[in-house]
file work_11.txt (compact mmCIF, C-alpha atoms and all ligand atoms)
# COMPACT_ATOMS: atom_id res chain seq x y z
CA MET A 1 0.00 0.00 0.00
CA GLN A 2 2.98 2.25 0.48
CA GLN A 3 3.43 2.86 -3.22
CA GLN A 4 0.04 4.48 -3.38
CA SER A 5 0.90 7.62 -1.54
CA SER A 6 3.38 8.54 -4.22
CA ALA A 7 0.68 7.94 -6.83
CA LEU A 8 -1.58 10.42 -5.11
CA GLU A 9 -0.09 13.56 -6.46
CA GLY A 10 -0.20 12.62 -10.12
CA GLY A 11 2.65 13.75 -12.32
CA ASP A 12 5.63 11.81 -11.07
CA ASP A 13 3.81 8.71 -9.99
CA THR A 14 4.60 5.08 -9.29
CA TYR A 15 4.23 4.06 -12.89
CA GLY A 16 6.54 6.77 -14.20
CA PHE A 17 4.23 7.58 -17.09
CA ASP A 18 5.55 9.21 -20.21
CA SER A 19 3.08 11.88 -21.31
CA THR A 20 3.64 11.59 -25.06
CA LEU A 21 1.65 9.71 -27.67
CA ASN A 22 4.62 7.42 -28.10
CA GLY A 23 4.62 6.77 -24.39
CA ALA A 24 0.99 5.61 -24.60
CA ARG A 25 1.69 3.45 -27.63
CA HIS A 26 4.65 1.92 -25.88
CA MET A 27 2.40 0.83 -23.00
CA ASP A 28 -0.05 -0.72 -25.46
CA GLN A 29 2.78 -2.63 -27.09
CA GLY A 30 3.83 -4.03 -23.74
CA ASP A 31 0.26 -4.90 -22.72
CA ARG A 32 -0.29 -8.63 -22.45
CA LEU A 33 -4.05 -8.18 -22.71
CA ALA A 34 -3.92 -5.98 -25.81
CA GLY A 35 -5.06 -8.82 -28.06
CA PHE A 36 -8.41 -9.09 -26.29
CA ARG A 37 -9.65 -5.87 -27.85
CA ASN A 38 -10.03 -7.82 -31.07
CA GLU A 39 -12.46 -10.19 -29.33
CA PHE A 40 -15.00 -7.35 -29.05
CA TYR A 41 -17.12 -5.32 -31.43
CA ILE A 42 -16.11 -1.68 -31.00
CA PRO A 43 -19.05 0.66 -31.76
CA ILE A 44 -18.63 2.88 -34.79
CA LEU A 45 -19.19 6.62 -34.44
CA HIS A 46 -18.84 9.13 -37.32
CA GLY A 47 -17.64 6.33 -39.56
CA LYS A 48 -14.79 5.07 -37.37
CA GLU A 49 -14.15 3.04 -34.24
CA SER A 50 -15.25 5.10 -31.28
CA ILE A 51 -13.32 5.57 -28.07
CA TYR A 52 -15.78 3.65 -25.95
CA PHE A 53 -15.43 4.65 -22.29
CA THR A 54 -18.86 3.52 -21.13
CA GLY A 55 -18.17 -0.08 -20.24
CA ASN A 56 -19.37 0.88 -16.76
CA SER A 57 -22.87 1.33 -18.23
CA LEU A 58 -22.98 -1.31 -20.91
CA GLY A 59 -20.05 -3.55 -21.69
CA LEU A 60 -19.31 -4.40 -25.31
CA GLN A 61 -20.39 -7.49 -27.16
CA THR A 62 -17.78 -10.19 -27.61
CA LYS A 63 -17.43 -11.54 -31.12
CA SER A 64 -18.19 -15.03 -29.81
CA THR A 65 -21.52 -14.08 -28.24
CA GLN A 66 -23.55 -14.68 -31.38
CA ASP A 67 -22.04 -18.16 -31.81
CA TYR A 68 -22.88 -19.11 -28.23
CA VAL A 69 -26.45 -17.89 -28.59
CA LEU A 70 -26.91 -19.54 -31.99
CA SER A 71 -25.55 -22.82 -30.72
CA ASP A 72 -28.04 -22.89 -27.87
CA LEU A 73 -30.83 -21.86 -30.24
CA GLN A 74 -29.87 -24.79 -32.44
CA ASP A 75 -30.32 -27.17 -29.52
CA TRP A 76 -33.80 -25.84 -28.99
CA ALA A 77 -34.50 -26.40 -32.70
CA ASN A 78 -33.07 -29.92 -32.56
CA PHE A 79 -34.46 -31.15 -29.29
CA GLY A 80 -37.51 -29.13 -28.33
CA VAL A 81 -38.34 -29.70 -24.69
CA GLU A 82 -35.81 -32.51 -24.46
CA GLY A 83 -33.03 -29.91 -24.75
CA HIS A 84 -33.46 -29.49 -21.00
CA PHE A 85 -31.62 -32.79 -20.67
CA LEU A 86 -30.27 -33.74 -24.09
CA GLY A 87 -28.80 -30.49 -25.43
CA ARG A 88 -25.06 -30.11 -25.81
CA ASN A 89 -25.32 -27.79 -22.83
CA PRO A 90 -28.39 -29.20 -21.07
CA TRP A 91 -30.57 -26.31 -19.97
CA ILE A 92 -31.50 -27.91 -16.66
CA SER A 93 -27.96 -27.48 -15.37
CA TYR A 94 -26.84 -24.58 -17.58
CA HIS A 95 -26.54 -22.13 -14.68
CA GLU A 96 -24.27 -24.48 -12.74
CA ARG A 97 -21.20 -23.53 -14.80
CA PHE A 98 -21.25 -19.91 -13.67
CA PRO A 99 -20.32 -20.02 -9.98
CA LYS A 100 -17.01 -21.66 -10.83
CA MET A 101 -16.30 -19.03 -13.47
CA MET A 102 -17.20 -16.17 -11.14
CA ALA A 103 -15.81 -17.34 -7.82
CA PRO A 104 -12.39 -15.65 -8.33
CA MET A 105 -14.04 -12.31 -9.12
CA LEU A 106 -16.28 -12.42 -6.08
CA GLY A 107 -14.04 -14.10 -3.56
CA ALA A 108 -16.90 -16.45 -2.80
CA THR A 109 -17.34 -20.20 -2.72
CA GLU A 110 -19.25 -21.75 -5.59
CA GLU A 111 -22.16 -22.62 -3.31
CA GLU A 112 -22.54 -18.97 -2.40
CA ILE A 113 -23.15 -17.79 -5.98
CA VAL A 114 -26.29 -18.08 -8.08
CA ILE A 115 -26.99 -16.61 -11.49
CA MET A 116 -30.62 -15.66 -11.84
CA ASN A 117 -33.14 -12.92 -12.66
CA GLN A 118 -32.07 -9.32 -12.90
CA LEU A 119 -30.42 -6.99 -10.47
CA THR A 120 -33.26 -5.05 -8.87
CA ILE A 121 -35.29 -8.24 -8.61
CA ASN A 122 -32.44 -9.97 -6.82
CA LEU A 123 -32.03 -7.04 -4.47
CA HIS A 124 -35.69 -7.37 -3.52
CA LEU A 125 -35.44 -11.13 -3.05
CA LEU A 126 -32.41 -10.73 -0.80
CA LEU A 127 -34.03 -7.99 1.23
CA VAL A 128 -37.00 -10.27 1.85
CA SER A 129 -34.52 -12.61 3.53
CA PHE A 130 -32.24 -10.09 5.21
CA TYR A 131 -34.47 -7.16 6.02
CA ARG A 132 -36.86 -8.44 8.68
CA PRO A 133 -37.56 -5.31 10.71
CA THR A 134 -38.70 -5.57 14.31
CA LYS A 135 -40.08 -2.89 16.57
CA HIS A 136 -36.64 -1.77 17.71
CA ARG A 137 -34.41 -2.89 14.88
CA TYR A 138 -35.94 -1.63 11.67
CA LYS A 139 -33.52 0.71 9.89
CA ILE A 140 -31.70 0.29 6.62
CA LEU A 141 -28.42 2.18 6.42
CA CYS A 142 -27.22 3.14 2.95
CA GLU A 143 -25.06 5.74 1.24
CA SER A 144 -26.76 8.95 0.12
CA LYS A 145 -27.47 9.22 -3.60
CA ALA A 146 -27.41 5.48 -4.10
CA PHE A 147 -28.42 4.36 -7.58
CA PRO A 148 -32.11 5.29 -7.94
CA SER A 149 -33.31 1.71 -8.45
CA ASP A 150 -31.71 0.78 -5.13
CA GLN A 151 -33.33 3.74 -3.40
CA TYR A 152 -36.74 2.73 -4.76
CA ALA A 153 -36.15 -0.87 -3.75
CA LEU A 154 -35.22 0.12 -0.19
CA GLN A 155 -38.14 2.54 0.13
CA SER A 156 -40.64 -0.01 -1.11
CA GLN A 157 -39.22 -2.70 1.15
CA ALA A 158 -39.73 -0.37 4.10
CA ARG A 159 -43.33 0.18 3.00
CA LEU A 160 -43.82 -3.53 2.49
CA SER A 161 -43.04 -3.90 6.19
CA GLY A 162 -45.52 -1.16 7.07
CA LEU A 163 -42.83 1.44 7.74
CA ASP A 164 -42.36 5.01 6.61
CA PRO A 165 -39.21 5.09 4.44
CA ARG A 166 -38.31 8.49 5.87
CA GLU A 167 -37.98 6.88 9.28
CA ALA A 168 -36.62 3.54 8.19
CA ILE A 169 -33.88 4.66 5.81
CA LEU A 170 -30.74 6.21 7.16
CA GLU A 171 -28.44 7.79 4.60
CA VAL A 172 -24.79 8.65 5.13
CA ALA A 173 -23.80 11.66 3.03
CA PRO A 174 -20.50 13.29 2.12
CA ARG A 175 -19.47 16.10 4.48
CA PRO A 176 -20.35 19.61 3.30
CA GLY A 177 -18.03 20.64 0.48
CA GLU A 178 -16.89 17.06 -0.14
CA SER A 179 -17.98 14.70 -2.93
CA ILE A 180 -17.45 11.29 -1.48
CA VAL A 181 -18.67 9.59 1.66
CA ARG A 182 -15.93 9.01 4.21
CA ASN A 183 -15.63 5.46 5.39
CA GLU A 184 -15.16 6.64 8.98
CA ASP A 185 -18.53 8.42 8.73
CA ILE A 186 -20.25 5.21 7.63
CA ILE A 187 -18.65 3.30 10.48
CA ALA A 188 -19.58 6.05 12.95
CA ALA A 189 -23.20 6.09 11.73
CA ILE A 190 -23.42 2.32 12.12
CA SER A 191 -22.18 2.44 15.67
CA GLU A 192 -24.29 5.47 16.56
CA HIS A 193 -27.54 3.89 15.34
CA GLY A 194 -26.40 0.31 15.88
CA ASN A 195 -29.32 -0.95 17.94
CA SER A 196 -31.90 0.22 15.47
CA ILE A 197 -30.22 -0.95 12.25
CA ALA A 198 -31.56 -4.15 10.71
CA VAL A 199 -29.44 -4.09 7.58
CA VAL A 200 -26.62 -2.11 6.02
CA MET A 201 -26.98 -2.06 2.23
CA ILE A 202 -24.47 -0.11 0.18
CA GLY A 203 -23.39 0.04 -3.46
CA GLY A 204 -19.90 -1.54 -3.39
CA VAL A 205 -18.75 1.00 -5.97
CA ASN A 206 -20.79 4.19 -6.19
CA TYR A 207 -22.16 4.61 -9.71
CA TYR A 208 -21.74 8.40 -9.70
CA THR A 209 -18.37 8.98 -8.05
CA GLY A 210 -16.69 5.66 -8.80
CA GLN A 211 -15.75 5.38 -5.11
CA VAL A 212 -15.06 1.88 -3.84
CA PHE A 213 -16.33 1.48 -0.31
CA ASP A 214 -14.33 -0.38 2.26
CA MET A 215 -16.62 -3.38 2.31
CA GLU A 216 -14.58 -5.30 4.82
CA SER A 217 -14.70 -2.70 7.57
CA ILE A 218 -18.34 -1.82 6.84
CA THR A 219 -19.31 -5.48 7.15
CA ALA A 220 -17.42 -5.82 10.42
CA ALA A 221 -19.08 -2.70 11.81
CA ALA A 222 -22.55 -3.88 10.73
CA HIS A 223 -21.99 -7.25 12.36
CA SER A 224 -20.75 -5.79 15.62
CA ALA A 225 -23.91 -3.68 15.68
CA GLY A 226 -25.96 -6.86 15.22
CA ALA A 227 -27.10 -6.02 11.69
CA PHE A 228 -26.86 -7.87 8.39
CA CYS A 229 -24.67 -6.39 5.68
CA GLY A 230 -25.14 -6.55 1.92
CA PHE A 231 -23.78 -4.83 -1.17
CA ASP A 232 -25.04 -3.98 -4.60
CA LEU A 233 -22.04 -4.88 -6.75
CA ALA A 234 -23.34 -3.64 -10.11
CA HIS A 235 -20.31 -1.40 -10.57
CA ALA A 236 -17.91 -3.62 -8.67
CA VAL A 237 -18.10 -7.08 -10.18
CA GLY A 238 -15.48 -7.66 -12.87
CA ASN A 239 -14.02 -4.28 -11.98
CA VAL A 240 -12.43 -4.41 -8.54
CA PRO A 241 -11.14 -7.21 -6.28
CA LEU A 242 -13.77 -8.69 -3.99
CA ASP A 243 -13.42 -11.11 -1.12
CA LEU A 244 -17.02 -11.49 -0.03
CA HIS A 245 -16.72 -14.76 1.85
CA ARG A 246 -13.71 -13.76 3.89
CA TRP A 247 -15.18 -10.34 4.63
CA GLY A 248 -18.23 -12.16 5.94
CA VAL A 249 -20.66 -10.21 3.77
CA ASP A 250 -24.16 -11.63 4.23
CA PHE A 251 -25.54 -11.04 0.76
CA ALA A 252 -24.80 -9.26 -2.50
CA CYS A 253 -26.25 -8.85 -5.96
CA TRP A 254 -25.02 -7.53 -9.30
CA CYS A 255 -25.92 -7.17 -12.94
CA SER A 256 -23.95 -8.71 -15.79
CA TYR A 257 -24.25 -6.05 -18.48
CA LYS A 258 -21.74 -3.51 -17.13
CA TYR A 259 -18.18 -4.79 -16.67
CA LEU A 260 -19.26 -8.38 -17.37
CA ASN A 261 -20.26 -7.64 -20.98
CA ALA A 262 -23.21 -10.04 -21.10
CA GLY A 263 -25.57 -7.69 -22.94
CA PRO A 264 -28.50 -5.40 -22.17
CA GLY A 265 -30.66 -6.77 -19.36
CA ALA A 266 -28.38 -9.81 -19.01
CA VAL A 267 -29.10 -12.43 -16.38
CA ALA A 268 -27.87 -11.13 -13.01
CA GLY A 269 -26.38 -12.74 -9.94
CA ALA A 270 -26.64 -13.06 -6.21
CA TYR A 271 -24.34 -14.14 -3.39
CA ILE A 272 -25.49 -15.45 -0.05
CA HIS A 273 -22.95 -16.34 2.63
CA GLN A 274 -22.71 -20.03 3.44
CA ARG A 275 -23.75 -19.50 7.04
CA HIS A 276 -27.28 -18.68 5.87
CA HIS A 277 -27.81 -21.65 3.56
CA THR A 278 -29.17 -23.98 6.17
CA ASN A 279 -31.01 -21.50 8.34
CA PRO A 280 -34.68 -22.46 8.18
CA ALA A 281 -35.68 -19.27 9.98
CA LEU A 282 -34.58 -17.12 7.08
CA LEU A 283 -37.66 -16.19 5.14
CA ARG A 284 -37.54 -16.25 1.37
CA LEU A 285 -39.82 -16.02 -1.59
CA ALA A 286 -39.89 -19.45 -3.14
CA GLY A 287 -40.22 -20.91 -6.62
CA TRP A 288 -39.80 -24.34 -8.10
CA SER A 289 -36.22 -23.77 -9.30
CA GLY A 290 -35.14 -23.29 -5.70
CA THR A 291 -36.34 -26.68 -4.58
CA LYS A 292 -34.05 -29.73 -4.51
CA PRO A 293 -33.56 -31.10 -8.05
CA GLU A 294 -34.52 -34.63 -7.07
CA LYS A 295 -37.85 -33.33 -5.87
CA ARG A 296 -38.48 -30.65 -8.47
CA PHE A 297 -40.19 -32.88 -10.98
CA LEU A 298 -42.15 -34.81 -8.39
CA MET A 299 -44.40 -31.77 -8.51
CA GLY A 300 -45.11 -31.97 -4.81
CA ASN A 301 -46.61 -29.16 -2.77
CA GLU A 302 -43.80 -28.78 -0.26
CA PHE A 303 -40.92 -26.41 -0.93
CA ASP A 304 -37.64 -28.07 0.07
CA PRO A 305 -34.86 -25.59 -0.72
CA ILE A 306 -31.49 -26.47 -2.16
CA LEU A 307 -28.99 -25.83 0.66
CA SER A 308 -26.92 -23.29 -1.23
CA ALA A 309 -27.50 -19.95 -2.95
CA ASP A 310 -29.36 -21.98 -5.58
CA GLY A 311 -32.17 -22.29 -3.05
CA TRP A 312 -33.10 -18.67 -3.78
CA GLN A 313 -33.90 -19.39 -7.43
CA LEU A 314 -37.47 -19.00 -8.54
CA SER A 315 -37.84 -19.59 -12.24
CA THR A 316 -36.71 -21.62 -15.19
CA THR A 317 -33.32 -20.44 -16.39
CA PRO A 318 -33.41 -17.88 -19.23
CA LEU A 319 -31.32 -19.80 -21.73
CA LEU A 320 -30.40 -17.24 -24.41
CA ASN A 321 -29.52 -14.74 -21.78
CA MET A 322 -27.23 -17.29 -20.16
CA SER A 323 -25.58 -18.12 -23.48
CA ALA A 324 -24.40 -14.51 -23.72
CA LEU A 325 -23.04 -14.57 -20.17
CA ASN A 326 -21.28 -17.84 -20.92
CA ALA A 327 -19.54 -16.25 -23.91
CA SER A 328 -18.39 -13.21 -21.98
CA LEU A 329 -17.18 -15.10 -18.91
CA HIS A 330 -15.03 -17.31 -21.11
CA ILE A 331 -13.10 -14.19 -22.08
CA PHE A 332 -12.56 -13.34 -18.41
CA GLN A 333 -11.25 -16.84 -17.82
CA GLU A 334 -8.91 -16.67 -20.77
CA ALA A 335 -7.53 -13.29 -19.77
CA GLY A 336 -7.29 -14.14 -16.06
CA PHE A 337 -8.94 -11.85 -13.54
CA ALA A 338 -5.66 -10.95 -11.81
CA ASN A 339 -4.24 -9.75 -15.15
CA ILE A 340 -7.38 -7.76 -15.82
CA LEU A 341 -7.12 -6.03 -12.44
CA MET A 342 -3.48 -5.25 -12.97
CA LYS A 343 -4.14 -3.56 -16.29
CA ALA A 344 -7.21 -1.79 -14.88
CA ARG A 345 -5.07 -0.15 -12.22
CA ARG A 346 -2.46 0.99 -14.65
CA LEU A 347 -5.03 2.27 -17.11
CA SER A 348 -6.96 4.26 -14.53
CA ALA A 349 -3.73 5.61 -12.99
CA TYR A 350 -2.81 6.78 -16.48
CA LEU A 351 -6.21 8.45 -16.81
CA PHE A 352 -5.65 10.32 -13.49
CA PHE A 353 -2.22 11.33 -14.75
CA THR A 354 -3.67 12.54 -18.07
CA LEU A 355 -6.38 14.56 -16.34
CA ASP A 356 -3.84 16.20 -14.04
CA ARG A 357 -1.90 17.31 -17.06
CA ILE A 358 -4.98 18.96 -18.51
CA ASN A 359 -5.31 21.14 -15.43
CA ALA A 360 -1.62 21.89 -15.54
CA SER A 361 -1.92 23.23 -19.08
CA CYS A 362 -5.05 25.32 -18.40
CA PRO A 363 -4.97 28.81 -16.90
CA ARG A 364 -7.27 27.70 -14.07
CA LYS A 365 -8.30 24.44 -12.48
CA MET A 366 -11.01 23.67 -15.01
CA ILE A 367 -11.71 20.12 -13.92
CA ASP A 368 -11.90 18.29 -10.63
CA VAL A 369 -11.66 14.55 -10.39
CA ILE A 370 -14.11 13.43 -7.72
CA THR A 371 -13.17 9.77 -7.82
CA PRO A 372 -10.72 8.93 -5.03
CA ARG A 373 -7.19 8.39 -6.29
CA GLN A 374 -6.06 5.71 -3.89
CA GLU A 375 -5.70 2.49 -5.79
CA ASP A 376 -8.04 0.54 -3.54
CA GLN A 377 -10.72 3.23 -3.61
CA HIS A 378 -11.50 3.29 -7.31
CA GLY A 379 -11.98 0.90 -10.20
CA CYS A 380 -12.02 1.69 -13.90
CA GLN A 381 -14.41 4.60 -13.69
CA VAL A 382 -13.19 8.13 -13.14
CA SER A 383 -15.77 10.87 -12.61
CA ILE A 384 -14.76 14.30 -13.79
CA LEU A 385 -16.46 17.35 -12.38
CA MET A 386 -16.35 20.07 -15.00
CA ASN A 387 -15.86 23.47 -13.37
CA GLU A 388 -16.27 25.14 -16.76
CA LYS A 389 -17.50 24.25 -20.25
CA GLY A 390 -19.04 20.99 -19.03
CA LYS A 391 -21.69 20.36 -21.65
CA GLU A 392 -19.45 21.82 -24.31
CA THR A 393 -16.73 19.34 -23.44
CA PHE A 394 -19.15 16.43 -23.43
CA ASP A 395 -20.57 17.43 -26.83
CA GLY A 396 -17.09 18.06 -28.21
CA LEU A 397 -15.95 14.61 -27.06
CA ARG A 398 -18.87 13.00 -28.80
CA GLY A 399 -18.18 15.01 -31.93
CA SER A 400 -14.64 13.61 -31.86
CA GLY A 401 -15.83 10.03 -31.56
CA VAL A 402 -15.62 9.54 -27.79
CA ILE A 403 -18.51 7.84 -25.99
CA VAL A 404 -18.59 8.84 -22.32
CA ASP A 405 -21.60 9.74 -20.24
CA TRP A 406 -22.94 12.83 -18.68
CA ARG A 407 -24.53 13.02 -15.25
CA GLU A 408 -26.33 16.17 -14.19
CA PRO A 409 -25.40 18.72 -13.12
CA ASN A 410 -21.83 18.63 -14.46
CA VAL A 411 -20.09 15.29 -14.28
CA ILE A 412 -18.50 13.30 -17.09
CA ARG A 413 -17.97 9.64 -16.26
CA ALA A 414 -15.24 7.86 -18.19
CA ALA A 415 -14.33 4.22 -17.72
CA PRO A 416 -11.47 2.79 -19.78
CA VAL A 417 -11.80 -0.95 -19.27
CA PRO A 418 -8.87 -3.33 -19.50
CA LEU A 419 -10.34 -5.91 -21.86
CA TYR A 420 -10.90 -3.57 -24.79
CA ASN A 421 -9.58 -0.06 -24.13
CA THR A 422 -6.04 1.15 -24.77
CA PHE A 423 -3.59 3.62 -23.31
CA GLU A 424 -3.58 5.45 -26.61
CA GLU A 425 -7.32 6.02 -26.27
CA VAL A 426 -6.77 7.60 -22.85
CA TYR A 427 -4.08 9.80 -24.34
CA THR A 428 -6.38 10.92 -27.17
CA PHE A 429 -9.22 11.53 -24.71
CA GLY A 430 -6.96 13.90 -22.78
CA GLU A 431 -5.85 15.74 -25.94
CA ILE A 432 -9.45 16.28 -27.04
CA ILE A 433 -10.49 17.69 -23.67
CA LYS A 434 -7.45 19.94 -23.56
CA ALA A 435 -8.21 21.32 -27.03
CA ILE A 436 -11.82 22.09 -26.04
CA LEU A 437 -10.88 23.76 -22.76
CA LEU A 438 -8.15 25.88 -24.31
CA LYS A 439 -10.24 27.04 -27.24
C1 LIG A 501 -26.96 -0.49 -13.04
C2 LIG A 501 -27.51 -0.51 -11.67
C3 LIG A 501 -28.83 -0.91 -11.42
C4 LIG A 501 -29.77 -1.31 -12.51
O1 LIG A 501 -30.66 -2.29 -12.09
P1 LIG A 501 -31.38 -3.28 -13.12
O2 LIG A 501 -32.30 -4.04 -12.28
O3 LIG A 501 -30.32 -4.09 -13.78
O4 LIG A 501 -32.06 -2.42 -14.14
C5 LIG A 501 -29.25 -0.94 -10.10
N1 LIG A 501 -28.43 -0.59 -9.08
C6 LIG A 501 -27.16 -0.18 -9.30
C7 LIG A 501 -26.29 0.19 -8.15
C8 LIG A 501 -26.67 -0.11 -10.60
O5 LIG A 501 -25.43 0.31 -10.80
call {"tool": "encode", "arguments": {"input": "work_11.txt", "output": "structure tokens", "more": "lines below"}}
Ligand SMILES: *Cc1c(COP(=O)(O)O)cnc(C)c1O
result
Amino acid sequence: MQQQSSALEGGDDTYGFDSTLNGARHMDQGDRLAGFRNEFYIPILHGKESIYFTGNSLGLQTKSTQDYVLSDLQDWANFGVEGHFLGRNPWISYHERFPKMMAPMLGATEEEIVIMNQLTINLHLLLVSFYRPTKHRYKILCESKAFPSDQYALQSQARLSGLDPREAILEVAPRPGESIVRNEDIIAAISEHGNSIAVVMIGGVNYYTGQVFDMESITAAAHSAGAFCGFDLAHAVGNVPLDLHRWGVDFACWCSYKYLNAGPGAVAGAYIHQRHHTNPALLRLAGWSGTKPEKRFLMGNEFDPILSADGWQLSTTPLLNMSALNASLHIFQEAGFANILMKARRLSAYLFFTLDRINASCPRKMIDVITPRQEDQHGCQVSILMNEKGKETFDGLRGSGVIVDWREPNVIRAAPVPLYNTFEEVYTFGEIIKAILLK
């Protein structure tokens, strides 16, 4: 961790970046993952390959995705209903391949992972199990300005339990004049309200600021207050290292269309810590896919849950959706998650470095980076607060073939991702912004 402090100031940092175009190209030449870019379709803008920095919103399609989907479609054509058992990838057990593929990214055991439904649905299902308010312990603690879907989910869960969300939901906000929530403030809020908190539920990586929360210490604080602790990992999975099992996190959920590249509305995932798998007191909403396989087709009337995260499944697996996830996770396996993380850190450090140089060449500090710089407090995404010419910069970037996104009132989010973005793209991004600001 010591290296990080020298990376904080930008400029002369740990990586010793060379600020020239050649410097960027040199890093691309030395990049072991560079070849993976060719496994993806890069969107075309103004007649040429765009600089696509929105993998945090929707990851790109791998070139193999169509083959995976077509192959599973062919089994349906060939076998009809018997494809459940006779297909090349029998549908009945199709989902069982995923926990093994995802365990290294989540730091979870295979039994703790299930691929099912979509994100907000999974969040609701998990809250049914882990948010059981009582008269004295009824609060949900979350970060302020959580992703809107999460806010709506939490509010409606409070109402479902007959509570007023304004009383049940406790938000921890950044201090006045600051953009990110301090970890110490989250921990302090947990201990201050400890007796009344039923569950702590936080976005592992904030979608707006790109801040990675210290999930380990938050989980420990929640547990010592007697509360459950869960995370929405939509912006974390495939992006930052996770160690859910060791941290003792009770539950988590994520979507697969951001860093996991499984396509719009892709099948999502959930994690439930082992210690809860055999607890009969834990309420859950049940469906036939969650019951033990040997009993499922007996069509009995008694729900007998699988004693793993699979026991939270409700419905028949969405095959085509899973084919796309299968394609994209194969790329992660080929590249190796540790290699992906290593490049991600270098790429985002280079983006911080590039942004610092923009300020240095402007007459005033025209941009502020709100994403924390410390290596363990950010992933691929860097959020840039435009002090001047915000919309103009965003429009100018788009005009120059860069796809980033804009969040009101004045933030540009840019996420160079290691599997398909390059150092040269980050360099070009910086040059375009500089030209707009200096005009
Ligand atoms: C992307 C995202 C969502 C979206 O939820 P869906 O159910 O997939 O539409 C929800 N929460 C967070 C934190 C997100 O980043």
call {"tool": "closest_atom_pairs", "arguments": {"input": "work_11.txt", "of": "range 130-236 of chain A", "to": "range 106-112 of chain A", "cutoff": "12 Å", "atoms": "all atoms listed in the file", "output": "Markdown table"}}
result
| residue | atom | partner | partner_atom | distance |
| --- | --- | --- | --- | --- |
| A:Gly204 | CA | A:Leu106 | CA | 11.8 |
| A:Phe231 | CA | A:Leu106 | CA | 11.7 |
| A:Leu233 | CA | A:Leu106 | CA | 9.5 |
| A:Ala234 | CA | A:Leu106 | CA | 12.0 |
| A:Ala236 | CA | A:Leu106 | CA | 9.3 |
call {"tool": "closest_atom_pairs", "arguments": {"input": "work_11.txt", "of": "chain A", "to": "ligand LIG 501 (chain A)", "cutoff": "6 Å", "atoms": "only C-alpha atoms and all ligand atoms", "output": "CSV"}}
result
residue,atom,partner,partner_atom,distance
A:Gln118,CA,A:LIG501,O2,5.3
A:Leu119,CA,A:LIG501,O2,3.9
A:Thr120,CA,A:LIG501,O2,3.7
A:Phe147,CA,A:LIG501,C7,4.7
A:Ser149,CA,A:LIG501,C5,5.1
A:Asp150,CA,A:LIG501,N1,5.3
A:Gly203,CA,A:LIG501,C7,5.5
A:Tyr207,CA,A:LIG501,O5,5.5
A:Asp232,CA,A:LIG501,C7,5.6
A:Ala234,CA,A:LIG501,O5,4.5
A:His235,CA,A:LIG501,O5,5.4
A:Cys255,CA,A:LIG501,O3,5.4
call {"tool": "closest_residue", "arguments": {"input": "work_11.txt", "among": "A:Ser308, A:Ser348, A:Ser57, A:Asn195", "to": "His277 in chain A", "atoms": "all atoms listed in the file"}}
result
A:Ser308
call {"tool": "closest_residue", "arguments": {"input": "work_11.txt", "among": "A:Pro280, A:Pro43, A:Gly263, A:Gly16", "to": "Arg346 in chain A", "atoms": "only C-alpha atoms"}}
result
A:Gly16
call {"tool": "closest_atom_pairs", "arguments": {"input": "work_11.txt", "of": "range 241-266 of chain A", "to": "range 330-343 of chain A", "cutoff": "12 Å", "atoms": "only C-alpha atoms", "output": "CSV"}}
result
residue,atom,partner,partner_atom,distance
A:Pro241,CA,A:Leu341,CA,7.4
A:Leu242,CA,A:Leu341,CA,11.1
A:Tyr259,CA,A:Phe332,CA,10.4
A:Leu260,CA,A:Phe332,CA,8.4
A:Asn261,CA,A:Ile331,CA,9.8
A:Ala262,CA,A:His330,CA,10.9
call {"tool": "write_last_selection", "arguments": {"input": "work_11.txt", "atoms": "C-alpha atoms", "output": "PDB file, in the frame of the given file"}}
result
ATOM      1  CA  PRO A 241     -11.140  -7.210  -6.280  1.00  0.00           C
ATOM      2  CA  LEU A 242     -13.770  -8.690  -3.990  1.00  0.00           C
ATOM      3  CA  TYR A 259     -18.180  -4.790 -16.670  1.00  0.00           C
ATOM      4  CA  LEU A 260     -19.260  -8.380 -17.370  1.00  0.00           C
ATOM      5  CA  ASN A 261     -20.260  -7.640 -20.980  1.00  0.00           C
ATOM      6  CA  ALA A 262     -23.210 -10.040 -21.100  1.00  0.00           C
TER       7      ALA A 262
END
call {"tool": "atom_distance", "arguments": {"input": "work_11.txt", "atom1": "CA of Phe297 in chain A", "atom2": "CA of Glu82 in chain A"}}
result
14.2 Å
call {"tool": "residues_around", "arguments": {"input": "work_11.txt", "residues": "Gly87 in chain A", "least_positions_apart": "4", "cutoff": "9 Å", "atoms": "all atoms listed in the file", "output": "ChimeraX atom specification"}}
result
/A:72,75-76,78-79,82-83,91
call {"tool": "write_last_selection", "arguments": {"input": "work_11.txt", "atoms": "C-alpha atoms", "output": "PDB file, in the frame of the given file"}}
result
ATOM      1  CA  ASP A  72     -28.040 -22.890 -27.870  1.00  0.00           C
ATOM      2  CA  ASP A  75     -30.320 -27.170 -29.520  1.00  0.00           C
ATOM      3  CA  TRP A  76     -33.800 -25.840 -28.990  1.00  0.00           C
ATOM      4  CA  ASN A  78     -33.070 -29.920 -32.560  1.00  0.00           C
ATOM      5  CA  PHE A  79     -34.460 -31.150 -29.290  1.00  0.00           C
ATOM      6  CA  GLU A  82     -35.810 -32.510 -24.460  1.00  0.00           C
ATOM      7  CA  GLY A  83     -33.030 -29.910 -24.750  1.00  0.00           C
ATOM      8  CA  TRP A  91     -30.570 -26.310 -19.970  1.00  0.00           C
TER       9      TRP A  91
END
call {"tool": "residues_around", "arguments": {"input": "work_11.txt", "residues": "range 265-275 of chain A", "least_positions_apart": "2", "cutoff": "8 Å", "atoms": "all atoms listed in the file", "output": "NGL selection string"}}
result
:A and (108 or 111-119 or 122 or 245 or 248-257 or 262-263 or 277-279 or 308-309 or 318 or 321-322 or 324-325)
